[in-house]
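Q: Structure: protein.cif, mmCIF, C-alpha atoms, pLDDT in the B column; chains and numbers go by the auth columns.
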```
data_protein
#
loop_
_atom_site.group_PDB
_atom_site.id
_atom_site.type_symbol
_atom_site.label_atom_id
_atom_site.label_comp_id
_atom_site.label_asym_id
_atom_site.label_seq_id
_atom_site.Cartn_x
_atom_site.Cartn_y
_atom_site.Cartn_z
_atom_site.B_iso_or_equiv
_atom_site.auth_seq_id
_atom_site.auth_asym_id
ATOM 1 C CA ASP A 1 -38.052 40.483 -27.604 69.00 1 A
ATOM 2 C CA GLN A 2 -41.519 41.994 -27.900 78.00 2 A
ATOM 3 C CA GLN A 3 -41.594 44.057 -31.090 90.00 3 A
ATOM 4 C CA VAL A 4 -45.172 45.205 -30.527 94.00 4 A
ATOM 5 C CA LYS A 5 -46.172 46.232 -27.035 95.00 5 A
ATOM 6 C CA GLN A 6 -49.441 47.136 -25.410 96.00 6 A
ATOM 7 C CA ASN A 7 -48.401 48.264 -21.983 92.00 7 A
ATOM 8 C CA SER A 8 -51.876 48.633 -20.503 95.00 8 A
ATOM 9 C CA PRO A 9 -53.413 45.237 -19.767 94.00 9 A
ATOM 10 C CA SER A 10 -56.789 46.783 -19.061 96.00 10 A
ATOM 11 C CA LEU A 11 -58.823 49.951 -19.452 97.00 11 A
ATOM 12 C CA SER A 12 -62.180 50.938 -18.001 98.00 12 A
ATOM 13 C CA VAL A 13 -64.279 53.821 -19.344 98.00 13 A
ATOM 14 C CA GLN A 14 -67.797 55.102 -18.958 98.00 14 A
ATOM 15 C CA GLU A 15 -70.315 54.658 -21.725 97.00 15 A
ATOM 16 C CA GLY A 16 -70.315 57.654 -24.058 97.00 16 A
ATOM 17 C CA ARG A 17 -66.756 58.702 -23.225 98.00 17 A
ATOM 18 C CA ILE A 18 -63.656 58.221 -25.315 98.00 18 A
ATOM 19 C CA SER A 19 -61.578 55.041 -25.103 98.00 19 A
ATOM 20 C CA ILE A 20 -57.917 55.351 -26.054 98.00 20 A
ATOM 21 C CA LEU A 21 -55.886 52.208 -26.498 98.00 21 A
ATOM 22 C CA ASN A 22 -52.166 52.504 -27.056 98.00 22 A
ATOM 23 C CA CYS A 23 -49.552 50.436 -28.823 98.00 23 A
ATOM 24 C CA ASP A 24 -45.796 50.865 -29.245 97.00 24 A
ATOM 25 C CA TYR A 25 -43.472 49.123 -31.663 96.00 25 A
ATOM 26 C CA THR A 26 -39.745 48.849 -32.031 94.00 26 A
ATOM 27 C CA ASN A 27 -39.166 47.737 -35.627 89.00 27 A
ATOM 28 C CA SER A 28 -38.937 50.705 -37.988 88.00 28 A
ATOM 29 C CA MET A 29 -39.528 48.357 -40.943 86.00 29 A
ATOM 30 C CA PHE A 30 -43.168 47.870 -39.963 88.00 30 A
ATOM 31 C CA ASP A 31 -45.295 49.652 -42.524 86.00 31 A
ATOM 32 C CA TYR A 32 -48.809 48.404 -41.882 90.00 32 A
ATOM 33 C CA PHE A 33 -50.689 48.330 -38.609 94.00 33 A
ATOM 34 C CA LEU A 34 -53.968 46.738 -37.634 95.00 34 A
ATOM 35 C CA TRP A 35 -56.310 46.580 -34.690 97.00 35 A
ATOM 36 C CA TYR A 36 -58.296 43.482 -33.856 97.00 36 A
ATOM 37 C CA LYS A 37 -61.130 43.019 -31.407 97.00 37 A
ATOM 38 C CA LYS A 38 -61.724 39.761 -29.583 96.00 38 A
ATOM 39 C CA TYR A 39 -64.781 38.695 -27.629 95.00 39 A
ATOM 40 C CA PRO A 40 -64.640 35.689 -25.284 91.00 40 A
ATOM 41 C CA ALA A 41 -65.035 32.333 -27.041 88.00 41 A
ATOM 42 C CA GLU A 42 -64.552 33.943 -30.451 93.00 42 A
ATOM 43 C CA GLY A 43 -61.624 34.499 -32.758 95.00 43 A
ATOM 44 C CA PRO A 44 -60.138 37.963 -33.243 96.00 44 A
ATOM 45 C CA THR A 45 -61.939 40.075 -35.827 96.00 45 A
ATOM 46 C CA PHE A 46 -60.378 42.829 -37.877 96.00 46 A
ATOM 47 C CA LEU A 47 -61.343 46.331 -36.811 97.00 47 A
ATOM 48 C CA ILE A 48 -59.267 48.952 -38.589 97.00 48 A
ATOM 49 C CA SER A 49 -55.859 49.371 -40.174 95.00 49 A
ATOM 50 C CA ILE A 50 -53.434 52.078 -41.197 95.00 50 A
ATOM 51 C CA SER A 51 -50.576 52.255 -43.630 92.00 51 A
ATOM 52 C CA SER A 52 -47.350 53.924 -42.568 91.00 52 A
ATOM 53 C CA ILE A 53 -47.812 56.575 -45.259 93.00 53 A
ATOM 54 C CA LYS A 54 -50.761 57.921 -43.293 96.00 54 A
ATOM 55 C CA ASP A 55 -51.053 59.313 -39.804 96.00 55 A
ATOM 56 C CA LYS A 56 -54.771 58.838 -39.326 98.00 56 A
ATOM 57 C CA ASN A 57 -57.504 56.519 -40.491 98.00 57 A
ATOM 58 C CA GLU A 58 -61.117 56.813 -39.459 98.00 58 A
ATOM 59 C CA ASP A 59 -64.016 54.379 -39.691 97.00 59 A
ATOM 60 C CA GLY A 60 -67.159 55.434 -37.916 97.00 60 A
ATOM 61 C CA ARG A 61 -66.539 55.567 -34.188 98.00 61 A
ATOM 62 C CA PHE A 62 -63.042 54.146 -34.581 98.00 62 A
ATOM 63 C CA THR A 63 -59.956 56.175 -35.442 98.00 63 A
ATOM 64 C CA VAL A 64 -56.380 54.972 -35.517 98.00 64 A
ATOM 65 C CA PHE A 65 -53.515 57.424 -35.193 98.00 65 A
ATOM 66 C CA LEU A 66 -49.941 56.646 -36.164 98.00 66 A
ATOM 67 C CA ASN A 67 -46.899 58.560 -34.935 97.00 67 A
ATOM 68 C CA LYS A 68 -43.976 57.080 -36.839 95.00 68 A
ATOM 69 C CA SER A 69 -41.310 59.158 -35.165 95.00 69 A
ATOM 70 C CA ALA A 70 -42.443 57.904 -31.779 96.00 70 A
ATOM 71 C CA LYS A 71 -43.205 54.397 -33.087 96.00 71 A
ATOM 72 C CA HIS A 72 -46.583 54.676 -31.476 97.00 72 A
ATOM 73 C CA LEU A 73 -50.148 54.093 -32.560 97.00 73 A
ATOM 74 C CA SER A 74 -53.421 54.517 -30.768 98.00 74 A
ATOM 75 C CA LEU A 75 -57.019 53.492 -31.280 98.00 75 A
ATOM 76 C CA HIS A 76 -59.733 55.967 -30.314 98.00 76 A
ATOM 77 C CA ILE A 77 -63.299 54.847 -29.823 98.00 77 A
ATOM 78 C CA VAL A 78 -65.825 57.661 -29.595 97.00 78 A
ATOM 79 C CA PRO A 79 -68.371 57.344 -28.145 98.00 79 A
ATOM 80 C CA SER A 80 -67.653 54.137 -26.296 98.00 80 A
ATOM 81 C CA GLN A 81 -70.485 51.631 -25.972 97.00 81 A
ATOM 82 C CA PRO A 82 -70.919 48.627 -23.675 97.00 82 A
ATOM 83 C CA GLY A 83 -70.725 46.363 -26.746 97.00 83 A
ATOM 84 C CA ASP A 84 -67.167 47.589 -27.278 98.00 84 A
ATOM 85 C CA SER A 85 -66.064 45.689 -24.171 98.00 85 A
ATOM 86 C CA ALA A 86 -63.531 43.185 -25.497 97.00 86 A
ATOM 87 C CA VAL A 87 -59.824 42.490 -25.777 97.00 87 A
ATOM 88 C CA TYR A 88 -58.098 44.681 -28.351 98.00 88 A
ATOM 89 C CA PHE A 89 -54.912 43.591 -30.070 97.00 89 A
ATOM 90 C CA CYS A 90 -52.697 45.753 -32.181 97.00 90 A
ATOM 91 C CA ALA A 91 -50.616 44.080 -34.876 95.00 91 A
ATOM 92 C CA ALA A 92 -47.907 45.135 -37.293 92.00 92 A
ATOM 93 C CA SER A 93 -46.452 43.794 -40.498 85.00 93 A
ATOM 94 C CA ALA A 94 -43.583 44.663 -42.803 73.00 94 A
ATOM 95 C CA PHE A 95 -43.674 44.551 -46.566 64.00 95 A
ATOM 96 C CA GLU A 96 -40.796 42.439 -47.765 59.00 96 A
ATOM 97 C CA GLY A 97 -41.141 42.699 -51.508 56.00 97 A
ATOM 98 C CA SER A 98 -41.841 39.669 -53.655 51.00 98 A
ATOM 99 C CA SER A 99 -41.241 37.308 -50.773 53.00 99 A
ATOM 100 C CA ASN A 100 -43.595 39.173 -48.499 57.00 100 A
ATOM 101 C CA THR A 101 -45.153 36.818 -46.037 63.00 101 A
ATOM 102 C CA GLY A 102 -47.402 39.463 -44.604 65.00 102 A
ATOM 103 C CA LYS A 103 -46.603 38.091 -41.169 77.00 103 A
ATOM 104 C CA LEU A 104 -48.515 39.839 -38.429 86.00 104 A
ATOM 105 C CA ILE A 105 -46.849 40.452 -35.089 90.00 105 A
ATOM 106 C CA PHE A 106 -49.272 41.033 -32.250 93.00 106 A
ATOM 107 C CA GLY A 107 -49.159 42.915 -29.001 94.00 107 A
ATOM 108 C CA GLN A 108 -50.248 41.415 -25.703 94.00 108 A
ATOM 109 C CA GLY A 109 -53.737 42.846 -25.853 95.00 109 A
ATOM 110 C CA THR A 110 -55.711 45.357 -23.770 97.00 110 A
ATOM 111 C CA THR A 111 -58.997 44.426 -22.140 97.00 111 A
ATOM 112 C CA LEU A 112 -61.478 47.266 -22.512 98.00 112 A
ATOM 113 C CA GLN A 113 -64.474 47.490 -20.236 98.00 113 A
ATOM 114 C CA VAL A 114 -67.154 50.050 -21.056 98.00 114 A
ATOM 115 C CA LYS A 115 -69.463 50.625 -18.108 97.00 115 A
ATOM 116 C CA PRO A 116 -73.105 51.567 -18.718 94.00 116 A
ATOM 117 C CA GLU B 1 -70.003 33.029 -46.107 85.00 1 B
ATOM 118 C CA ALA B 2 -66.261 33.678 -45.951 83.00 2 B
ATOM 119 C CA GLN B 3 -64.837 31.921 -42.952 94.00 3 B
ATOM 120 C CA VAL B 4 -62.033 30.022 -41.267 97.00 4 B
ATOM 121 C CA THR B 5 -63.210 26.847 -39.558 97.00 5 B
ATOM 122 C CA GLN B 6 -61.311 25.103 -36.791 97.00 6 B
ATOM 123 C CA ASN B 7 -62.103 21.791 -35.174 97.00 7 B
ATOM 124 C CA PRO B 8 -62.463 20.821 -32.445 97.00 8 B
ATOM 125 C CA ARG B 9 -63.417 23.898 -30.418 97.00 9 B
ATOM 126 C CA TYR B 10 -62.480 22.231 -27.141 97.00 10 B
ATOM 127 C CA LEU B 11 -60.127 19.337 -26.470 97.00 11 B
ATOM 128 C CA ILE B 12 -58.804 17.722 -23.317 97.00 12 B
ATOM 129 C CA THR B 13 -56.077 15.154 -23.829 96.00 13 B
ATOM 130 C CA VAL B 14 -53.324 13.370 -21.962 97.00 14 B
ATOM 131 C CA THR B 15 -49.608 13.913 -22.229 97.00 15 B
ATOM 132 C CA GLY B 16 -48.068 12.102 -25.186 97.00 16 B
ATOM 133 C CA LYS B 17 -51.249 11.305 -27.086 97.00 17 B
ATOM 134 C CA LYS B 18 -50.965 12.590 -30.641 97.00 18 B
ATOM 135 C CA LEU B 19 -53.635 15.007 -31.777 97.00 19 B
ATOM 136 C CA THR B 20 -54.547 17.088 -34.803 98.00 20 B
ATOM 137 C CA VAL B 21 -56.451 20.350 -34.924 98.00 21 B
ATOM 138 C CA THR B 22 -57.943 20.994 -38.327 98.00 22 B
ATOM 139 C CA CYS B 23 -58.266 24.337 -40.076 98.00 23 B
ATOM 140 C CA SER B 24 -60.044 25.102 -43.310 98.00 24 B
ATOM 141 C CA GLN B 25 -60.670 28.375 -45.161 97.00 25 B
ATOM 142 C CA ASN B 26 -62.985 29.081 -48.098 96.00 26 B
ATOM 143 C CA MET B 27 -61.500 32.373 -49.280 94.00 27 B
ATOM 144 C CA ASN B 28 -58.778 30.952 -51.535 94.00 28 B
ATOM 145 C CA HIS B 29 -56.141 32.638 -49.389 93.00 29 B
ATOM 146 C CA GLU B 30 -52.524 31.753 -50.049 91.00 30 B
ATOM 147 C CA TYR B 31 -51.270 32.516 -46.575 92.00 31 B
ATOM 148 C CA MET B 32 -52.312 30.536 -43.507 94.00 32 B
ATOM 149 C CA SER B 33 -50.917 30.488 -40.012 94.00 33 B
ATOM 150 C CA TRP B 34 -51.385 29.144 -36.518 97.00 34 B
ATOM 151 C CA TYR B 35 -51.202 31.211 -33.345 96.00 35 B
ATOM 152 C CA ARG B 36 -51.445 30.440 -29.690 97.00 36 B
ATOM 153 C CA GLN B 37 -52.816 32.891 -27.179 95.00 37 B
ATOM 154 C CA ASP B 38 -51.532 32.842 -23.626 94.00 38 B
ATOM 155 C CA PRO B 39 -52.214 35.324 -20.803 89.00 39 B
ATOM 156 C CA GLY B 40 -49.916 38.330 -20.966 87.00 40 B
ATOM 157 C CA LEU B 41 -48.260 37.136 -24.165 90.00 41 B
ATOM 158 C CA GLY B 42 -50.792 38.016 -26.821 90.00 42 B
ATOM 159 C CA LEU B 43 -50.923 35.993 -30.021 93.00 43 B
ATOM 160 C CA ARG B 44 -47.709 34.224 -30.939 93.00 44 B
ATOM 161 C CA GLN B 45 -47.216 32.617 -34.308 92.00 45 B
ATOM 162 C CA ILE B 46 -46.449 28.889 -34.316 95.00 46 B
ATOM 163 C CA TYR B 47 -46.149 28.047 -38.017 95.00 47 B
ATOM 164 C CA TYR B 48 -47.192 29.641 -41.264 92.00 48 B
ATOM 165 C CA SER B 49 -47.630 28.625 -44.864 93.00 49 B
ATOM 166 C CA MET B 50 -47.278 30.853 -47.893 89.00 50 B
ATOM 167 C CA ASN B 51 -48.823 28.335 -50.270 90.00 51 B
ATOM 168 C CA VAL B 52 -49.366 24.633 -50.899 94.00 52 B
ATOM 169 C CA GLU B 53 -46.373 22.577 -49.757 94.00 53 B
ATOM 170 C CA VAL B 54 -44.645 25.719 -48.428 92.00 54 B
ATOM 171 C CA THR B 55 -44.462 25.951 -44.644 94.00 55 B
ATOM 172 C CA ASP B 56 -42.117 27.637 -42.210 91.00 56 B
ATOM 173 C CA LYS B 57 -41.590 28.113 -38.507 92.00 57 B
ATOM 174 C CA GLY B 58 -43.033 31.026 -36.655 90.00 58 B
ATOM 175 C CA ASP B 59 -41.896 32.280 -33.276 89.00 59 B
ATOM 176 C CA VAL B 60 -42.852 29.277 -31.121 95.00 60 B
ATOM 177 C CA PRO B 61 -42.706 26.140 -33.304 96.00 61 B
ATOM 178 C CA GLU B 62 -41.293 23.645 -30.817 97.00 62 B
ATOM 179 C CA GLY B 63 -43.544 20.647 -30.309 97.00 63 B
ATOM 180 C CA TYR B 64 -45.745 21.357 -33.329 98.00 64 B
ATOM 181 C CA LYS B 65 -45.961 20.207 -36.933 98.00 65 B
ATOM 182 C CA VAL B 66 -48.061 21.411 -39.834 98.00 66 B
ATOM 183 C CA SER B 67 -48.799 20.388 -43.383 96.00 67 B
ATOM 184 C CA ARG B 68 -50.286 22.161 -46.391 97.00 68 B
ATOM 185 C CA LYS B 69 -51.299 19.594 -48.961 97.00 69 B
ATOM 186 C CA GLU B 70 -54.273 21.620 -50.173 96.00 70 B
ATOM 187 C CA LYS B 71 -54.727 25.358 -50.354 96.00 71 B
ATOM 188 C CA ARG B 72 -57.779 25.398 -48.108 97.00 72 B
ATOM 189 C CA ASN B 73 -56.490 23.187 -45.264 98.00 73 B
ATOM 190 C CA PHE B 74 -53.733 23.738 -42.737 98.00 74 B
ATOM 191 C CA PRO B 75 -53.824 21.211 -39.876 98.00 75 B
ATOM 192 C CA LEU B 76 -51.804 21.638 -36.700 98.00 76 B
ATOM 193 C CA ILE B 77 -50.279 18.430 -35.346 98.00 77 B
ATOM 194 C CA LEU B 78 -49.028 17.799 -31.843 97.00 78 B
ATOM 195 C CA GLU B 79 -47.097 14.528 -32.016 96.00 79 B
ATOM 196 C CA SER B 80 -46.543 14.254 -28.265 97.00 80 B
ATOM 197 C CA PRO B 81 -48.488 16.952 -26.407 97.00 81 B
ATOM 198 C CA SER B 82 -47.186 18.255 -23.113 97.00 82 B
ATOM 199 C CA PRO B 83 -48.896 20.348 -20.420 97.00 83 B
ATOM 200 C CA ASN B 84 -47.057 23.507 -21.541 97.00 84 B
ATOM 201 C CA GLN B 85 -49.005 23.275 -24.796 98.00 85 B
ATOM 202 C CA THR B 86 -52.216 23.929 -22.913 98.00 86 B
ATOM 203 C CA SER B 87 -53.412 27.071 -24.628 97.00 87 B
ATOM 204 C CA LEU B 88 -55.964 28.721 -26.892 97.00 88 B
ATOM 205 C CA TYR B 89 -55.116 28.139 -30.546 98.00 89 B
ATOM 206 C CA PHE B 90 -56.186 30.176 -33.546 97.00 90 B
ATOM 207 C CA CYS B 91 -55.869 29.486 -37.223 97.00 91 B
ATOM 208 C CA ALA B 92 -55.801 32.446 -39.590 96.00 92 B
ATOM 209 C CA SER B 93 -55.709 33.039 -43.317 95.00 93 B
ATOM 210 C CA LYS B 94 -54.989 36.087 -45.450 91.00 94 B
ATOM 211 C CA ASN B 95 -53.884 37.229 -48.839 84.00 95 B
ATOM 212 C CA ARG B 96 -50.237 38.052 -49.299 76.00 96 B
ATOM 213 C CA GLY B 97 -48.970 41.474 -48.467 72.00 97 B
ATOM 214 C CA ASN B 98 -50.394 44.073 -46.159 68.00 98 B
ATOM 215 C CA THR B 99 -53.909 42.821 -45.685 80.00 99 B
ATOM 216 C CA GLU B 100 -55.945 41.758 -42.725 87.00 100 B
ATOM 217 C CA ALA B 101 -56.021 38.174 -41.508 91.00 101 B
ATOM 218 C CA PHE B 102 -59.223 36.257 -40.861 94.00 102 B
ATOM 219 C CA PHE B 103 -59.302 34.085 -37.786 96.00 103 B
ATOM 220 C CA GLY B 104 -61.082 30.915 -36.821 97.00 104 B
ATOM 221 C CA GLN B 105 -63.071 30.721 -33.606 96.00 105 B
ATOM 222 C CA GLY B 106 -60.295 29.061 -31.670 97.00 106 B
ATOM 223 C CA THR B 107 -59.498 25.699 -30.112 98.00 107 B
ATOM 224 C CA ARG B 108 -59.136 25.479 -26.363 97.00 108 B
ATOM 225 C CA LEU B 109 -56.620 22.690 -25.708 98.00 109 B
ATOM 226 C CA THR B 110 -55.886 21.252 -22.284 98.00 110 B
ATOM 227 C CA VAL B 111 -53.100 18.710 -21.867 97.00 111 B
ATOM 228 C CA VAL B 112 -53.127 16.868 -18.542 96.00 112 B
#
```
Represent the structure contained in this file as structure tokens.
A:
Amino acid sequence: DQQVKQNSPSLSVQEGRISILNCDYTNSMFDYFLWYKKYPAEGPTFLISISSIKDKNEDGRFTVFLNKSAKHLSLHIVPSQPGDSAVYFCAASAFEGSSNTGKLIFGQGTTLQVKP
Amino acid sequence: EAQVTQNPRYLITVTGKKLTVTCSQNMNHEYMSWYRQDPGLGLRQIYYSMNVEVTDKGDVPEGYKVSRKEKRNFPLILESPSPNQTSLYFCASKNRGNTEAFFGQGTRLTVV
């Protein structure tokens, strides 16, 4: 049962335009969400995160939006650059008190291609 | 430099031949984990460790073993590899709670 889903395997956008990557989750206990970027032959690197007490977090060209009622989050990249071409994973975790493992559950990933 | 180091980066082996993939982190993180990445399935957790001598199964533990004798090291052991364990493996470490994980560069394993 996939608790975190990225239903678009790939996305192609033109340089300078907005890229919107989507992620849906099913577990209402998730309270922290992250986006990772992965280039070929490298490990995933942390991009941006958001706590469930917020609905938006911005870091430069990257903004993550969280809609708790819809169990949906999205990553906006504006403006998109060719160097943004990578696989993007969303991940979620649930705080479990003193025994919190901080386990991250990942989506399937979306391959973004930004065309010059 | 803060990092997670995996070795080897690439490995081709034969069915049944025991192998170990090493993982080491220099950030004094309590929590370490192993993931495998397969097409269309994203990153799935194999095993994790909350601290020294504390390990537990993730979502896909069958065919794997781990140990955590020291805080910095978390090796992944395949006692008898099979072709369905051909995959891209990542080690990660993090602090407890809602924080980001840091990943190694990956190990591409092929079992023939």
Q: Select, from B:Lys57, B:Lys17, B:Arg72, B:Arg44, the residue with the minimum atom-to-atom distance to chain A, counting only C-alpha atoms.
A: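 That would be B:Arg44, the residue with the smallest distance to chain A.
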Q: Please evaluate the PyMOL selection byres ((chain B) within 8 of (chain A)) against the structure above and give the resulting residues as a ChimeraX atom specification.
A: /B:31,40-45,50,90,96-106
Q: Taking C-alpha atoms for each residue, export the selection above as an mmCIF file, in the coordinates of the input.
A:
```cif
data_model
loop_
_atom_site.group_PDB
_atom_site.id
_atom_site.type_symbol
_atom_site.label_atom_id
_atom_site.label_comp_id
_atom_site.auth_asym_id
_atom_site.auth_seq_id
_atom_site.Cartn_x
_atom_site.Cartn_y
_atom_site.Cartn_z
ATOM 1 C CA TYR B 31 -51.270 32.516 -46.575
ATOM 2 C CA GLY B 40 -49.916 38.330 -20.966
ATOM 3 C CA LEU B 41 -48.260 37.136 -24.165
ATOM 4 C CA GLY B 42 -50.792 38.016 -26.821
ATOM 5 C CA LEU B 43 -50.923 35.993 -30.021
ATOM 6 C CA ARG B 44 -47.709 34.224 -30.939
ATOM 7 C CA GLN B 45 -47.216 32.617 -34.308
ATOM 8 C CA MET B 50 -47.278 30.853 -47.893
ATOM 9 C CA PHE B 90 -56.186 30.176 -33.546
ATOM 10 C CA ARG B 96 -50.237 38.052 -49.299
ATOM 11 C CA GLY B 97 -48.970 41.474 -48.467
ATOM 12 C CA ASN B 98 -50.394 44.073 -46.159
ATOM 13 C CA THR B 99 -53.909 42.821 -45.685
ATOM 14 C CA GLU B 100 -55.945 41.758 -42.725
ATOM 15 C CA ALA B 101 -56.021 38.174 -41.508
ATOM 16 C CA PHE B 102 -59.223 36.257 -40.861
ATOM 17 C CA PHE B 103 -59.302 34.085 -37.786
ATOM 18 C CA GLY B 104 -61.082 30.915 -36.821
ATOM 19 C CA GLN B 105 -63.071 30.721 -33.606
ATOM 20 C CA GLY B 106 -60.295 29.061 -31.670
#
```
Q: If you apply the PyMOL selection byres ((chain A and resi 15) around 7) to this file, what residues do you get, as JSON, numbers by chain?
A: {"A": [13, 14, 16, 17, 80, 81, 82, 114, 115, 116]}
Q: May I ask for the distance between CA of Asn73 in chain B and CA of Ser24 in chain B, given in Å to one decimal place?
A: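 A separation of 4.5 Å between them.
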Q: Residues at most 8 Å from Glu79 in chain B, counting all atoms listed in the file, excluding those fewer than 5 positions away in the same chain, as a list of chain:residue names?
A: B:Gly16, B:Lys17, B:Lys18, B:Leu19, B:Gly63, B:Tyr64, B:Lys65
Q: Let me see the file: selected residues, C-alpha atoms, as a PDB file, in the coordinates of the input.
A:
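Heads up, here's the output in part16.pdb:
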```pdb
ATOM      1  CA  GLY B  16     -48.068  12.102 -25.186  1.00 97.00           C
ATOM      2  CA  LYS B  17     -51.249  11.305 -27.086  1.00 97.00           C
ATOM      3  CA  LYS B  18     -50.965  12.590 -30.641  1.00 97.00           C
ATOM      4  CA  LEU B  19     -53.635  15.007 -31.777  1.00 97.00           C
ATOM      5  CA  GLY B  63     -43.544  20.647 -30.309  1.00 97.00           C
ATOM      6  CA  TYR B  64     -45.745  21.357 -33.329  1.00 98.00           C
ATOM      7  CA  LYS B  65     -45.961  20.207 -36.933  1.00 98.00           C
TER       8      LYS B  65
END
```
Q: Apply the PyMOL selection byres ((chain A and resi 59) around 10) to the structure shown and report the selected residues as a VMD selection string.
A: chain A and resid 47 to 49 57 to 58 60 to 64 77
Q: Could you check which residues have any atom within 10 Å of (-46.8, 12.6, -16.9), counting all atoms listed in the file with coordinates taken straight from the file, and then list them as a PyMOL selection string?
A: chain B and resi 14-16+82-83+112
Q: Counting only C-alpha atoms, which residue out of A:Leu112, A:Ile20, A:Ala86, A:Ile53 sits closest to Lys68 in chain A?
A: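 Closest residue, counting only C-alpha atoms: A:Ile53.
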Q: Interatomic distance between CA of Asp38 in chain B and CA of Tyr25 in chain A?
A: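 If I compute the distance from CA of Asp38 in chain B to CA of Tyr25 in chain A, I get 19.9 Å.
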Q: Expressed in Å to a single decimal, how great is the separation between CA of Asp84 in chain A and CA of Lys94 in chain B?
A: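 It comes out at 24.7 Å.
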Q: Which residues, protein or nucleic acid, reach to within 6 Å of (-55.1, 29.0, -46.3) in the file's coordinates when using all atoms listed in the file, and can you give that as a list in words?
A: Gln25, His29, Glu30, Tyr31, Met32, Lys71, Arg72 and Ser93 of chain B
